[in-house]
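**Q** For reference, the file target-v4.cif (mmCIF, C-alpha atoms; chains and numbers go by the auth columns) is included below:
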```cif
data_upload
#
loop_
_atom_site.group_PDB
_atom_site.id
_atom_site.type_symbol
_atom_site.label_atom_id
_atom_site.label_comp_id
_atom_site.label_asym_id
_atom_site.label_seq_id
_atom_site.Cartn_x
_atom_site.Cartn_y
_atom_site.Cartn_z
_atom_site.B_iso_or_equiv
_atom_site.auth_seq_id
_atom_site.auth_asym_id
ATOM 1 C CA MET A 1 46.912 137.608 130.966 0.00 1 A
ATOM 2 C CA SER A 2 49.649 136.806 128.494 0.00 2 A
ATOM 3 C CA LEU A 3 52.848 138.820 128.650 0.00 3 A
ATOM 4 C CA HIS A 4 55.591 139.379 126.141 0.00 4 A
ATOM 5 C CA GLY A 5 59.142 140.492 126.739 0.00 5 A
ATOM 6 C CA THR A 6 61.861 142.185 124.743 0.00 6 A
ATOM 7 C CA GLU A 7 65.334 141.496 126.089 0.00 7 A
ATOM 8 C CA VAL A 8 68.442 143.496 125.237 0.00 8 A
ATOM 9 C CA ALA A 9 71.594 141.732 126.489 0.00 9 A
ATOM 10 C CA PHE A 10 75.095 143.210 126.399 0.00 10 A
ATOM 11 C CA ARG A 11 78.555 142.896 127.905 0.00 11 A
ATOM 12 C CA LEU A 12 80.512 146.005 128.882 0.00 12 A
ATOM 13 C CA GLY A 13 83.197 144.473 131.076 0.00 13 A
ATOM 14 C CA PRO A 14 83.679 144.343 134.848 0.00 14 A
ATOM 15 C CA GLY A 15 82.848 147.375 136.950 0.00 15 A
ATOM 16 C CA THR A 16 80.626 149.098 134.399 0.00 16 A
ATOM 17 C CA GLY A 17 77.369 149.091 136.355 0.00 17 A
ATOM 18 C CA ASP A 18 76.874 152.859 136.159 0.00 18 A
ATOM 19 C CA GLU A 19 77.304 152.774 132.387 0.00 19 A
ATOM 20 C CA ALA A 20 74.813 149.888 132.161 0.00 20 A
ATOM 21 C CA ARG A 21 72.336 151.850 134.273 0.00 21 A
ATOM 22 C CA ALA A 22 72.626 154.809 131.893 0.00 22 A
ATOM 23 C CA ILE A 23 71.992 152.536 128.903 0.00 23 A
ATOM 24 C CA ALA A 24 69.022 150.999 130.719 0.00 24 A
ATOM 25 C CA ARG A 25 67.562 154.459 131.361 0.00 25 A
ATOM 26 C CA GLY A 26 67.779 155.191 127.633 0.00 26 A
ATOM 27 C CA LEU A 27 66.087 151.910 126.765 0.00 27 A
ATOM 28 C CA ALA A 28 63.389 152.493 129.399 0.00 28 A
ATOM 29 C CA SER A 29 62.718 155.971 128.005 0.00 29 A
ATOM 30 C CA ALA A 30 62.155 154.387 124.590 0.00 30 A
ATOM 31 C CA ALA A 31 59.785 151.764 126.031 0.00 31 A
ATOM 32 C CA ASP A 32 56.676 153.941 126.293 0.00 32 A
ATOM 33 C CA GLY A 33 53.680 151.693 126.897 0.00 33 A
ATOM 34 C CA CYS A 34 55.549 148.789 128.461 0.00 34 A
ATOM 35 C CA ARG A 35 54.237 147.386 131.738 0.00 35 A
ATOM 36 C CA ARG A 36 57.651 147.206 133.393 0.00 36 A
ATOM 37 C CA HIS A 37 61.308 147.689 132.453 0.00 37 A
ATOM 38 C CA VAL A 38 63.965 145.812 134.438 0.00 38 A
ATOM 39 C CA LEU A 39 67.773 145.885 134.384 0.00 39 A
ATOM 40 C CA PHE A 40 69.678 142.730 135.292 0.00 40 A
ATOM 41 C CA LEU A 41 73.238 143.303 136.486 0.00 41 A
ATOM 42 C CA ASP A 42 76.278 141.103 136.954 0.00 42 A
ATOM 43 C CA GLU A 43 78.764 143.887 137.641 0.00 43 A
ATOM 44 C CA GLU A 44 81.590 141.505 138.463 0.00 44 A
ATOM 45 C CA ALA A 45 81.366 139.868 135.026 0.00 45 A
ATOM 46 C CA GLY A 46 80.228 143.066 133.298 0.00 46 A
ATOM 47 C CA GLU A 47 77.189 141.350 131.795 0.00 47 A
ATOM 48 C CA TYR A 48 73.836 143.088 131.683 0.00 48 A
ATOM 49 C CA GLY A 49 70.349 142.727 130.318 0.00 49 A
ATOM 50 C CA CYS A 50 67.225 144.817 130.092 0.00 50 A
ATOM 51 C CA LEU A 51 63.768 143.328 129.853 0.00 51 A
ATOM 52 C CA ALA A 52 60.726 145.319 128.779 0.00 52 A
ATOM 53 C CA GLU A 53 57.392 143.630 129.570 0.00 53 A
ATOM 54 C CA TRP A 54 54.497 144.168 127.199 0.00 54 A
ATOM 55 C CA ALA A 55 50.826 143.168 127.187 0.00 55 A
ATOM 56 C CA ASP A 56 50.830 143.028 123.383 0.00 56 A
ATOM 57 C CA ALA A 57 53.069 140.760 121.265 0.00 57 A
ATOM 58 C CA ALA A 58 53.259 143.340 118.466 0.00 58 A
ATOM 59 C CA ASP A 59 54.597 145.965 120.890 0.00 59 A
ATOM 60 C CA ALA A 60 57.275 143.545 122.108 0.00 60 A
ATOM 61 C CA ALA A 61 58.262 142.655 118.552 0.00 61 A
ATOM 62 C CA GLY A 62 58.312 146.275 117.390 0.00 62 A
ATOM 63 C CA TYR A 63 60.189 147.792 120.336 0.00 63 A
ATOM 64 C CA ALA A 64 63.666 147.346 118.811 0.00 64 A
ATOM 65 C CA ASP A 65 62.500 149.108 115.626 0.00 65 A
ATOM 66 C CA ARG A 66 61.334 152.272 117.372 0.00 66 A
ATOM 67 C CA PRO A 67 63.573 155.222 116.423 0.00 67 A
ATOM 68 C CA ALA A 68 64.456 155.992 120.059 0.00 68 A
ATOM 69 C CA THR A 69 65.326 152.336 120.726 0.00 69 A
ATOM 70 C CA ARG A 70 67.373 152.095 117.524 0.00 70 A
ATOM 71 C CA ALA A 71 69.382 155.136 118.648 0.00 71 A
ATOM 72 C CA VAL A 72 70.237 153.528 121.996 0.00 72 A
ATOM 73 C CA LEU A 73 71.067 150.213 120.322 0.00 73 A
ATOM 74 C CA ALA A 74 73.321 151.979 117.784 0.00 74 A
ATOM 75 C CA GLY A 75 75.227 153.699 120.583 0.00 75 A
ATOM 76 C CA LEU A 76 75.559 150.397 122.397 0.00 76 A
ATOM 77 C CA GLU A 77 76.815 148.701 119.235 0.00 77 A
ATOM 78 C CA ALA A 78 79.441 151.424 118.799 0.00 78 A
ATOM 79 C CA ARG A 79 80.517 150.906 122.420 0.00 79 A
ATOM 80 C CA ILE A 80 80.783 147.096 122.341 0.00 80 A
ATOM 81 C CA GLY A 81 81.779 146.623 118.698 0.00 81 A
ATOM 82 C CA LYS A 82 78.853 144.416 117.745 0.00 82 A
ATOM 83 C CA PRO A 83 75.063 144.564 117.909 0.00 83 A
ATOM 84 C CA PRO A 84 73.618 143.773 121.329 0.00 84 A
ATOM 85 C CA ARG A 85 71.502 140.639 121.481 0.00 85 A
ATOM 86 C CA VAL A 86 67.796 141.440 121.166 0.00 86 A
ATOM 87 C CA ARG A 87 65.245 138.687 121.711 0.00 87 A
ATOM 88 C CA VAL A 88 61.471 138.626 122.052 0.00 88 A
ATOM 89 C CA TYR A 89 59.762 136.185 124.412 0.00 89 A
ATOM 90 C CA ALA A 90 56.334 134.946 125.320 0.00 90 A
ATOM 91 C CA MET A 91 56.254 135.117 129.116 0.00 91 A
ATOM 92 C CA GLU A 92 54.351 132.998 131.613 0.00 92 A
ATOM 93 C CA GLU A 93 53.964 134.049 135.209 0.00 93 A
ATOM 94 C CA ASP A 94 53.863 131.514 138.028 0.00 94 A
ATOM 95 C CA THR A 95 52.441 132.221 141.446 0.00 95 A
ATOM 96 C CA PRO A 96 54.620 131.081 144.365 0.00 96 A
ATOM 97 C CA LEU A 97 53.172 128.178 146.326 0.00 97 A
#
```
Can I see the file as structure tokens?
**A**
Amino acid sequence: MSLHGTEVAFRLGPGTGDEARAIARGLASAADGCRRHVLFLDEEAGEYGCLAEWADAADAAGYADRPATRAVLAGLEARIGKPPRVRVYAMEEDTPL
């Protein structure tokens, strides 16, 4: 099965894990239909990323254009002073040996 991912990466500054979790909850709420939504945290550096996994490439590509996602991204842009990085990936899964 091929997978596709939409990543939203952002920097809030050190010690902002709770704020990042709140942003991730908003992004996850907007990701209806995704297989899985994951938050990556580096609280010490204040760098975060969310990854939504999709079965369909069109869903991955269109996620950032959903009204609910755009609202979260706009709030994040206001908070950090620039648009968060949004990238779409083809994903390959490896099985551990």
**Q** Which residues are close to A:Lys82, i.e. within 12 Å by all atoms listed in the file, leaving aside same-chain residues fewer than 4 positions away? Reply as a PyMOL selection string.
**A** chain A and resi 9-12+73-78+86
**Q** Considering only C-alpha atoms, state which residue in the set A:Ala57, A:Leu39, A:Ile80, A:Leu97 is at the smallest distance from A:Gly17.
**A** A:Leu39
**Q** Looking at A:Asp42, A:Cys50, A:Ala60, A:Ala71, which one is nearest to A:Ala28, with distances taken over all atoms listed in the file?
**A**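 When distances to A:Ala28 are compared using all atoms listed in the file, the smallest one comes from A:Cys50.
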**Q** May I have the residues within 9 Å of A:His4 as a PyMOL selection string, using only C-alpha atoms and disregarding those fewer than 5 positions away in the same chain?
**A** chain A and resi 52-61+88-92
**Q** Can you list, as a VMD selection string, the residues that the PyMOL selection byres ((chain A and resi 72) around 12) selects here?
**A** chain A and resid 8 20 22 to 31 63 to 71 73 to 79 83 to 84
**Q** Find, counting all atoms listed in the file, the residue in A:Gly33, A:Gly46, A:Gly13, A:Gly81 that gets nearest to A:Gly62.
**A**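 Looking only at the distances to A:Gly62, the closest residue turns out to be A:Gly33.
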**Q** To one decimal place in Å, what is the distance between atom CA of A:Arg87 and atom CA of A:Gly5?
**A**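 About the pair atom CA of A:Arg87 and atom CA of A:Gly5: they are 8.1 Å apart.
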**Q** Which distance in Å separates atom CA of A:Leu51 and atom CA of A:Glu19, to one decimal?
**A**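 Atom CA of A:Leu51 sits 16.7 Å away from atom CA of A:Glu19.
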**Q** What gap, in Å, lies between atom CA of A:Gly49 and atom CA of A:Thr6?
**A**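 Calculated distance between atom CA of A:Gly49 and atom CA of A:Thr6 is 10.2 Å.
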**Q** For a quick check of understanding, using all atoms listed in the file, which of A:Ser2, A:Pro96, A:Arg85, A:Thr16 has the smallest distance to A:Glu43?
**A**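 Distance minimum relative to A:Glu43 lands on A:Thr16.
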**Q** Padding 8 Å on every side, please: axis-aligned box over the listed atoms of stretch 50-59 of chain A, centre and edge lengths to one decimal in Å, as JSON.
**A**
```
{"center_x": 59.0, "center_y": 143.4, "center_z": 124.3, "size_x": 32.4, "size_y": 21.2, "size_z": 27.6}
```
**Q** Could I get chain A from the block written as an mmCIF file, in the first residue's frame, with C-alpha atoms?
**A**
```cif
data_model
loop_
_atom_site.group_PDB
_atom_site.id
_atom_site.type_symbol
_atom_site.label_atom_id
_atom_site.label_comp_id
_atom_site.auth_asym_id
_atom_site.auth_seq_id
_atom_site.Cartn_x
_atom_site.Cartn_y
_atom_site.Cartn_z
ATOM 1 C CA MET A 1 0.000 0.000 0.000
ATOM 2 C CA SER A 2 1.371 3.405 -0.876
ATOM 3 C CA LEU A 3 1.148 6.147 1.721
ATOM 4 C CA HIS A 4 1.346 9.892 1.447
ATOM 5 C CA GLY A 5 2.160 12.412 4.129
ATOM 6 C CA THR A 6 1.492 16.075 4.747
ATOM 7 C CA GLU A 7 3.989 17.656 7.116
ATOM 8 C CA VAL A 8 3.503 20.960 8.914
ATOM 9 C CA ALA A 9 6.753 22.117 10.562
ATOM 10 C CA PHE A 10 7.071 25.115 12.876
ATOM 11 C CA ARG A 11 9.278 26.671 15.531
ATOM 12 C CA LEU A 12 7.736 28.223 18.639
ATOM 13 C CA GLY A 13 10.792 28.493 20.868
ATOM 14 C CA PRO A 14 12.000 26.453 23.844
ATOM 15 C CA GLY A 15 9.505 25.207 26.398
ATOM 16 C CA THR A 16 6.416 25.549 24.218
ATOM 17 C CA GLY A 17 5.381 21.897 24.087
ATOM 18 C CA ASP A 18 1.876 22.511 25.436
ATOM 19 C CA GLU A 19 1.272 25.181 22.804
ATOM 20 C CA ALA A 20 2.551 22.811 20.097
ATOM 21 C CA ARG A 21 0.222 20.089 21.366
ATOM 22 C CA ALA A 22 -2.735 22.475 21.103
ATOM 23 C CA ILE A 23 -1.770 23.362 17.527
ATOM 24 C CA ALA A 24 -1.393 19.662 16.725
ATOM 25 C CA ARG A 25 -4.883 18.962 18.089
ATOM 26 C CA GLY A 26 -6.276 21.632 15.761
ATOM 27 C CA LEU A 27 -4.440 20.169 12.783
ATOM 28 C CA ALA A 28 -5.567 16.641 13.698
ATOM 29 C CA SER A 29 -9.181 17.811 13.939
ATOM 30 C CA ALA A 30 -8.873 19.174 10.399
ATOM 31 C CA ALA A 31 -7.377 15.907 9.110
ATOM 32 C CA ASP A 32 -10.610 13.927 8.798
ATOM 33 C CA GLY A 33 -9.917 10.806 6.755
ATOM 34 C CA CYS A 34 -6.206 10.551 7.487
ATOM 35 C CA ARG A 35 -4.844 7.197 8.637
ATOM 36 C CA ARG A 36 -2.739 8.657 11.441
ATOM 37 C CA HIS A 37 -1.694 12.077 12.742
ATOM 38 C CA VAL A 38 1.597 12.380 14.642
ATOM 39 C CA LEU A 39 3.269 15.263 16.485
ATOM 40 C CA PHE A 40 7.060 15.390 16.630
ATOM 41 C CA LEU A 41 8.479 17.420 19.510
ATOM 42 C CA ASP A 42 11.870 18.885 20.321
ATOM 43 C CA GLU A 43 10.783 20.938 23.321
ATOM 44 C CA GLU A 44 14.313 21.981 24.206
ATOM 45 C CA ALA A 45 14.817 23.599 20.790
ATOM 46 C CA GLY A 46 11.151 24.568 20.428
ATOM 47 C CA GLU A 47 10.880 22.859 17.044
ATOM 48 C CA TYR A 48 7.824 20.832 16.134
ATOM 49 C CA GLY A 49 6.217 19.012 13.260
ATOM 50 C CA CYS A 50 2.937 17.307 12.538
ATOM 51 C CA LEU A 51 2.572 14.545 9.996
ATOM 52 C CA ALA A 52 -0.780 13.411 8.638
ATOM 53 C CA GLU A 53 -0.678 10.048 6.828
ATOM 54 C CA TRP A 54 -3.019 9.506 3.909
ATOM 55 C CA ALA A 55 -3.849 6.554 1.656
ATOM 56 C CA ASP A 56 -4.609 8.915 -1.232
ATOM 57 C CA ALA A 57 -2.127 11.393 -2.763
ATOM 58 C CA ALA A 58 -4.903 13.881 -3.561
ATOM 59 C CA ASP A 59 -5.977 13.953 0.099
ATOM 60 C CA ALA A 60 -2.390 14.628 1.190
ATOM 61 C CA ALA A 61 -1.999 17.392 -1.383
ATOM 62 C CA GLY A 62 -5.350 18.985 -0.554
ATOM 63 C CA TYR A 63 -5.107 18.878 3.245
ATOM 64 C CA ALA A 64 -3.482 22.320 3.595
ATOM 65 C CA ASP A 65 -6.267 23.856 1.476
ATOM 66 C CA ARG A 66 -9.111 22.614 3.664
ATOM 67 C CA PRO A 67 -10.833 25.549 5.406
ATOM 68 C CA ALA A 68 -10.244 24.098 8.891
ATOM 69 C CA THR A 69 -6.555 23.492 8.124
ATOM 70 C CA ARG A 70 -6.152 26.971 6.628
ATOM 71 C CA ALA A 71 -7.577 28.454 9.841
ATOM 72 C CA VAL A 72 -5.029 26.621 12.001
ATOM 73 C CA LEU A 73 -2.194 27.533 9.634
ATOM 74 C CA ALA A 74 -3.262 31.207 9.657
ATOM 75 C CA GLY A 75 -3.213 31.260 13.454
ATOM 76 C CA LEU A 76 0.192 29.613 13.441
ATOM 77 C CA GLU A 77 1.489 32.146 10.920
ATOM 78 C CA ALA A 78 0.258 34.996 13.127
ATOM 79 C CA ARG A 79 2.036 33.404 16.100
ATOM 80 C CA ILE A 80 5.407 32.782 14.415
ATOM 81 C CA GLY A 81 5.425 35.703 11.975
ATOM 82 C CA LYS A 82 5.754 33.620 8.829
ATOM 83 C CA PRO A 83 3.925 30.731 7.179
ATOM 84 C CA PRO A 84 4.734 27.328 8.652
ATOM 85 C CA ARG A 85 6.486 24.943 6.294
ATOM 86 C CA VAL A 86 4.025 22.567 4.629
ATOM 87 C CA ARG A 87 5.342 19.698 2.526
ATOM 88 C CA VAL A 88 3.741 16.662 0.918
ATOM 89 C CA TYR A 89 5.598 13.352 0.716
ATOM 90 C CA ALA A 90 5.298 9.948 -0.844
ATOM 91 C CA MET A 91 5.995 7.544 2.015
ATOM 92 C CA GLU A 92 7.518 4.076 1.969
ATOM 93 C CA GLU A 93 7.274 1.770 4.937
ATOM 94 C CA ASP A 94 10.055 -0.655 5.814
ATOM 95 C CA THR A 95 9.590 -3.697 7.988
ATOM 96 C CA PRO A 96 12.244 -4.169 10.689
ATOM 97 C CA LEU A 97 14.524 -7.141 10.105
#
```
